[in-house]
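my_file.pdb follows (PDB, C-alpha atoms, pLDDT in the B column):
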```pdb
ATOM      1  CA  MET A   1     -32.703  11.979  66.775  1.00 66.00           C
ATOM      2  CA  GLN A   2     -32.587   8.557  68.350  1.00 77.00           C
ATOM      3  CA  ALA A   3     -32.349   8.200  72.135  1.00 84.00           C
ATOM      4  CA  LEU A   4     -29.206   6.740  73.633  1.00 92.00           C
ATOM      5  CA  HIS A   5     -29.262   5.319  77.162  1.00 95.00           C
ATOM      6  CA  ILE A   6     -26.945   2.599  78.452  1.00 96.00           C
ATOM      7  CA  GLU A   7     -26.832   2.032  82.190  1.00 97.00           C
ATOM      8  CA  ALA A   8     -23.489   1.684  83.980  1.00 97.00           C
ATOM      9  CA  THR A   9     -22.213  -1.596  85.412  1.00 96.00           C
ATOM     10  CA  GLU A  10     -19.106  -2.433  87.431  1.00 95.00           C
ATOM     11  CA  ASP A  11     -17.223  -2.876  84.166  1.00 97.00           C
ATOM     12  CA  SER A  12     -18.845  -0.365  81.827  1.00 98.00           C
ATOM     13  CA  PRO A  13     -19.748   3.312  81.966  1.00 98.00           C
ATOM     14  CA  LEU A  14     -23.047   5.115  81.857  1.00 98.00           C
ATOM     15  CA  ILE A  15     -23.788   6.458  78.379  1.00 98.00           C
ATOM     16  CA  TRP A  16     -26.645   8.930  78.411  1.00 97.00           C
ATOM     17  CA  PHE A  17     -27.902  11.395  75.816  1.00 94.00           C
ATOM     18  CA  GLU A  18     -30.092  14.225  77.056  1.00 88.00           C
ATOM     19  CA  GLU A  19     -31.982  15.362  73.969  1.00 84.00           C
ATOM     20  CA  SER A  20     -33.185  18.677  75.416  1.00 85.00           C
ATOM     21  CA  THR A  21     -29.620  19.856  76.137  1.00 90.00           C
ATOM     22  CA  GLY A  22     -27.690  18.004  73.437  1.00 93.00           C
ATOM     23  CA  ILE A  23     -25.355  16.554  76.076  1.00 96.00           C
ATOM     24  CA  VAL A  24     -23.950  13.043  75.812  1.00 97.00           C
ATOM     25  CA  LYS A  25     -22.497  11.989  79.151  1.00 98.00           C
ATOM     26  CA  ILE A  26     -20.155   9.023  79.469  1.00 98.00           C
ATOM     27  CA  SER A  27     -19.054   8.318  83.023  1.00 98.00           C
ATOM     28  CA  GLY A  28     -17.639   5.498  85.116  1.00 97.00           C
ATOM     29  CA  ARG A  29     -15.143   2.711  84.546  1.00 96.00           C
ATOM     30  CA  SER A  30     -14.497   1.256  81.126  1.00 97.00           C
ATOM     31  CA  ILE A  31     -13.227  -2.291  81.421  1.00 97.00           C
ATOM     32  CA  PRO A  32     -15.868  -4.270  79.506  1.00 97.00           C
ATOM     33  CA  GLU A  33     -15.030  -7.791  78.459  1.00 94.00           C
ATOM     34  CA  ASN A  34     -15.544  -6.834  74.803  1.00 97.00           C
ATOM     35  CA  ALA A  35     -15.075  -3.078  74.358  1.00 97.00           C
ATOM     36  CA  THR A  36     -15.799  -3.166  70.624  1.00 97.00           C
ATOM     37  CA  GLU A  37     -19.159  -4.835  71.223  1.00 97.00           C
ATOM     38  CA  PHE A  38     -20.053  -2.634  74.186  1.00 97.00           C
ATOM     39  CA  TYR A  39     -19.338   0.654  72.376  1.00 98.00           C
ATOM     40  CA  ALA A  40     -20.845  -0.405  69.027  1.00 97.00           C
ATOM     41  CA  PRO A  41     -24.246   1.233  69.752  1.00 95.00           C
ATOM     42  CA  LEU A  42     -22.532   4.522  70.683  1.00 97.00           C
ATOM     43  CA  LEU A  43     -20.343   4.472  67.595  1.00 96.00           C
ATOM     44  CA  GLN A  44     -23.334   3.700  65.356  1.00 95.00           C
ATOM     45  CA  TRP A  45     -25.317   6.495  67.036  1.00 95.00           C
ATOM     46  CA  ILE A  46     -22.513   9.007  66.388  1.00 95.00           C
ATOM     47  CA  GLU A  47     -22.153   7.864  62.789  1.00 94.00           C
ATOM     48  CA  GLN A  48     -25.906   8.322  62.307  1.00 92.00           C
ATOM     49  CA  LEU A  49     -25.551  11.904  63.577  1.00 90.00           C
ATOM     50  CA  ALA A  50     -22.972  12.525  60.859  1.00 88.00           C
ATOM     51  CA  VAL A  51     -25.568  11.497  58.261  1.00 89.00           C
ATOM     52  CA  GLN A  52     -28.553  13.196  59.921  1.00 87.00           C
ATOM     53  CA  PRO A  53     -27.189  16.064  62.051  1.00 83.00           C
ATOM     54  CA  ALA A  54     -29.005  17.037  65.211  1.00 82.00           C
ATOM     55  CA  ALA A  55     -30.898  20.313  65.474  1.00 83.00           C
ATOM     56  CA  VAL A  56     -28.727  21.282  68.451  1.00 86.00           C
ATOM     57  CA  ALA A  57     -24.976  21.189  68.953  1.00 91.00           C
ATOM     58  CA  ILE A  58     -23.894  17.950  70.599  1.00 95.00           C
ATOM     59  CA  ARG A  59     -21.604  18.212  73.625  1.00 97.00           C
ATOM     60  CA  PHE A  60     -19.787  15.085  74.776  1.00 98.00           C
ATOM     61  CA  ILE A  61     -18.821  15.043  78.446  1.00 98.00           C
ATOM     62  CA  PHE A  62     -16.448  12.281  79.522  1.00 98.00           C
ATOM     63  CA  GLN A  63     -15.985  11.472  83.205  1.00 97.00           C
ATOM     64  CA  LEU A  64     -14.092   8.218  82.979  1.00 95.00           C
ATOM     65  CA  GLU A  65     -12.108   7.066  85.977  1.00 91.00           C
ATOM     66  CA  TYR A  66     -10.361   4.277  84.055  1.00 93.00           C
ATOM     67  CA  LEU A  67     -10.059   2.919  80.496  1.00 95.00           C
ATOM     68  CA  ASN A  68      -8.477  -0.434  79.778  1.00 96.00           C
ATOM     69  CA  THR A  69      -6.392  -0.973  76.653  1.00 96.00           C
ATOM     70  CA  ALA A  70      -9.316  -2.304  74.592  1.00 97.00           C
ATOM     71  CA  SER A  71     -11.463   0.688  75.566  1.00 97.00           C
ATOM     72  CA  TYR A  72      -8.633   3.082  74.705  1.00 96.00           C
ATOM     73  CA  LYS A  73      -8.477   1.647  71.182  1.00 96.00           C
ATOM     74  CA  VAL A  74     -12.254   1.950  70.727  1.00 97.00           C
ATOM     75  CA  PHE A  75     -12.163   5.527  72.029  1.00 97.00           C
ATOM     76  CA  GLN A  76      -9.804   6.401  69.194  1.00 97.00           C
ATOM     77  CA  ASP A  77     -12.617   5.377  66.819  1.00 97.00           C
ATOM     78  CA  ILE A  78     -15.273   7.168  68.882  1.00 98.00           C
ATOM     79  CA  LEU A  79     -13.312  10.421  68.936  1.00 97.00           C
ATOM     80  CA  GLY A  80     -12.646  10.098  65.207  1.00 97.00           C
ATOM     81  CA  ALA A  81     -16.398   9.758  64.616  1.00 97.00           C
ATOM     82  CA  ILE A  82     -17.121  12.753  66.874  1.00 97.00           C
ATOM     83  CA  ASP A  83     -14.561  14.719  64.879  1.00 96.00           C
ATOM     84  CA  ARG A  84     -16.774  14.333  61.792  1.00 94.00           C
ATOM     85  CA  LEU A  85     -19.836  15.832  63.486  1.00 94.00           C
ATOM     86  CA  PRO A  86     -20.725  19.431  62.765  1.00 86.00           C
ATOM     87  CA  GLN A  87     -20.986  21.573  65.901  1.00 88.00           C
ATOM     88  CA  ALA A  88     -19.739  18.863  68.277  1.00 95.00           C
ATOM     89  CA  SER A  89     -17.674  19.679  71.343  1.00 97.00           C
ATOM     90  CA  ILE A  90     -15.801  17.520  73.845  1.00 98.00           C
ATOM     91  CA  ARG A  91     -15.234  18.095  77.543  1.00 98.00           C
ATOM     92  CA  TRP A  92     -13.144  15.562  79.476  1.00 98.00           C
ATOM     93  CA  GLU A  93     -13.310  15.846  83.271  1.00 98.00           C
ATOM     94  CA  TYR A  94     -10.720  14.066  85.411  1.00 96.00           C
ATOM     95  CA  GLU A  95      -9.184  14.087  88.881  1.00 94.00           C
ATOM     96  CA  SER A  96      -6.349  16.597  89.240  1.00 91.00           C
ATOM     97  CA  SER A  97      -4.010  13.875  90.546  1.00 91.00           C
ATOM     98  CA  ASP A  98      -4.650  11.596  87.532  1.00 91.00           C
ATOM     99  CA  ILE A  99      -1.576  12.236  85.398  1.00 91.00           C
ATOM    100  CA  GLY A 100      -2.269   9.187  83.221  1.00 92.00           C
ATOM    101  CA  THR A 101      -5.646  10.527  82.117  1.00 94.00           C
ATOM    102  CA  GLU A 102      -4.139  13.953  81.472  1.00 93.00           C
ATOM    103  CA  GLU A 103      -1.571  12.377  79.142  1.00 94.00           C
ATOM    104  CA  MET A 104      -4.228  10.239  77.471  1.00 95.00           C
ATOM    105  CA  ILE A 105      -6.368  13.319  76.747  1.00 96.00           C
ATOM    106  CA  ARG A 106      -3.348  15.052  75.193  1.00 96.00           C
ATOM    107  CA  ASP A 107      -2.699  11.981  73.024  1.00 96.00           C
ATOM    108  CA  PHE A 108      -6.319  11.879  71.873  1.00 97.00           C
ATOM    109  CA  ALA A 109      -6.343  15.640  71.204  1.00 96.00           C
ATOM    110  CA  GLU A 110      -3.374  15.302  68.850  1.00 96.00           C
ATOM    111  CA  CYS A 111      -5.345  12.893  66.646  1.00 95.00           C
ATOM    112  CA  ILE A 112      -8.499  14.978  66.055  1.00 97.00           C
ATOM    113  CA  LYS A 113      -9.396  18.518  64.997  1.00 96.00           C
ATOM    114  CA  THR A 114     -12.200  18.987  67.524  1.00 97.00           C
ATOM    115  CA  PRO A 115     -10.650  20.565  70.628  1.00 97.00           C
ATOM    116  CA  ILE A 116     -10.903  18.608  73.862  1.00 97.00           C
ATOM    117  CA  GLU A 117     -11.589  20.792  76.863  1.00 97.00           C
ATOM    118  CA  ALA A 118      -9.675  19.066  79.675  1.00 96.00           C
ATOM    119  CA  VAL A 119     -11.090  19.970  83.104  1.00 97.00           C
ATOM    120  CA  LYS A 120      -9.494  18.935  86.382  1.00 95.00           C
ATOM    121  CA  TYR A 121     -11.624  18.505  89.495  1.00 91.00           C
TER     122      TYR A 121
END
```
Written as C-alpha cells, how would this file's structure read?
Amino acid sequence: MQALHIEATEDSPLIWFEESTGIVKISGRSIPENATEFYAPLLQWIEQLAVQPAAVAIRFIFQLEYLNTASYKVFQDILGAIDRLPQASIRWEYESSDIGTEEMIRDFAECIKTPIEAVKY
C-alpha cells in the first residue's frame, strides 16, 4: 500500500495515512485555489485501493472546519470512491455548533451506501 502524506497549509487540509492503523485523517480548512488538482492524489490513492485492497480496513476520519464550494464538489467524488472500497468506514468530526457541517454530512450520507459516523465535539 502506497503512503499518503500531504501537509496542511492555510488553504488546504492535512491528509495523512497511518499504515499501521489503517486510518486516513483529513483535517483543517479546505479552500485550495484548485480543489480538483489538490485532491487528485487522494482520489487516485483511493481508486488504487479499490483495485488492490489493503490488508486492513481503512477508516477515514474527517475533521474539516470549512469546505468551499469547489472542495464540496470534489468531496462528492472522494466519498463516491470511498464507497467502492471494501471494509472502509467514515467518521466525520465537527463542532457541535456547526449546523452547516451537520447538514452537509447528512447530504453526503444520502448519496453513498457507506455509513458516515457524525461525531460532535
Shell of 10 Å around Ile105 in chain A, all atoms listed in the file, local chain residues under 6 positions omitted, as a PDB file with C-alpha atoms, in the frame of the given file:
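Result file selection15.pdb:
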```pdb
ATOM      1  CA  TRP A  92     -13.144  15.562  79.476  1.00 98.00           C
ATOM      2  CA  GLU A  93     -13.310  15.846  83.271  1.00 98.00           C
ATOM      3  CA  TYR A  94     -10.720  14.066  85.411  1.00 96.00           C
ATOM      4  CA  ILE A  99      -1.576  12.236  85.398  1.00 91.00           C
ATOM      5  CA  ILE A 116     -10.903  18.608  73.862  1.00 97.00           C
ATOM      6  CA  GLU A 117     -11.589  20.792  76.863  1.00 97.00           C
ATOM      7  CA  ALA A 118      -9.675  19.066  79.675  1.00 96.00           C
TER       8      ALA A 118
END
```
| request: Find the residues near range 13-23 of chain A: any atom within 12 Å, counting all atoms listed in the file, skip ones fewer than 4 places away on the same chain, and give them as a VMD selection string. | output: chain A and resid 1 to 9 27 to 32 35 38 to 43 45 to 46 49 53 to 67 71 87 to 91
| query | Hey, can you check how far CA of Asn34 in chain A sits from CA of Ala70 in chain A? | reply | 7.7 Å
Please determine an axis-aligned box that encloses all atoms of range 62-65 of chain A listed in the file, with 4 Å added on each side, and express its centre and edge lengths in Å to one decimal as lines of an AutoDock Vina configuration file.
```
center_x = -14.3
center_y = 9.7
center_z = 82.7
size_x = 12.3
size_y = 13.2
size_z = 14.5
```
| said: At a cut-off of 12 Å, using all atoms listed in the file, what residues contact Phe108 in chain A? Leave out same-chain residues fewer than 6 positions from it and give the result as a ChimeraX atom specification. | reply: /A:72-80,82-83,90,92,101-102,114-118
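Separating CA of Ser12 in chain A from CA of Glu37 in chain A is a distance of 11.5 Å.
Interatomic distance, CA of Glu95 in chain A against CA of Val119 in chain A: 8.5 Å.
Comparing A:Ile26, A:Tyr121, A:Met104, A:Gln48 by their smallest distance to Asn68 in chain A, the closest is A:Met104 (using only C-alpha atoms).
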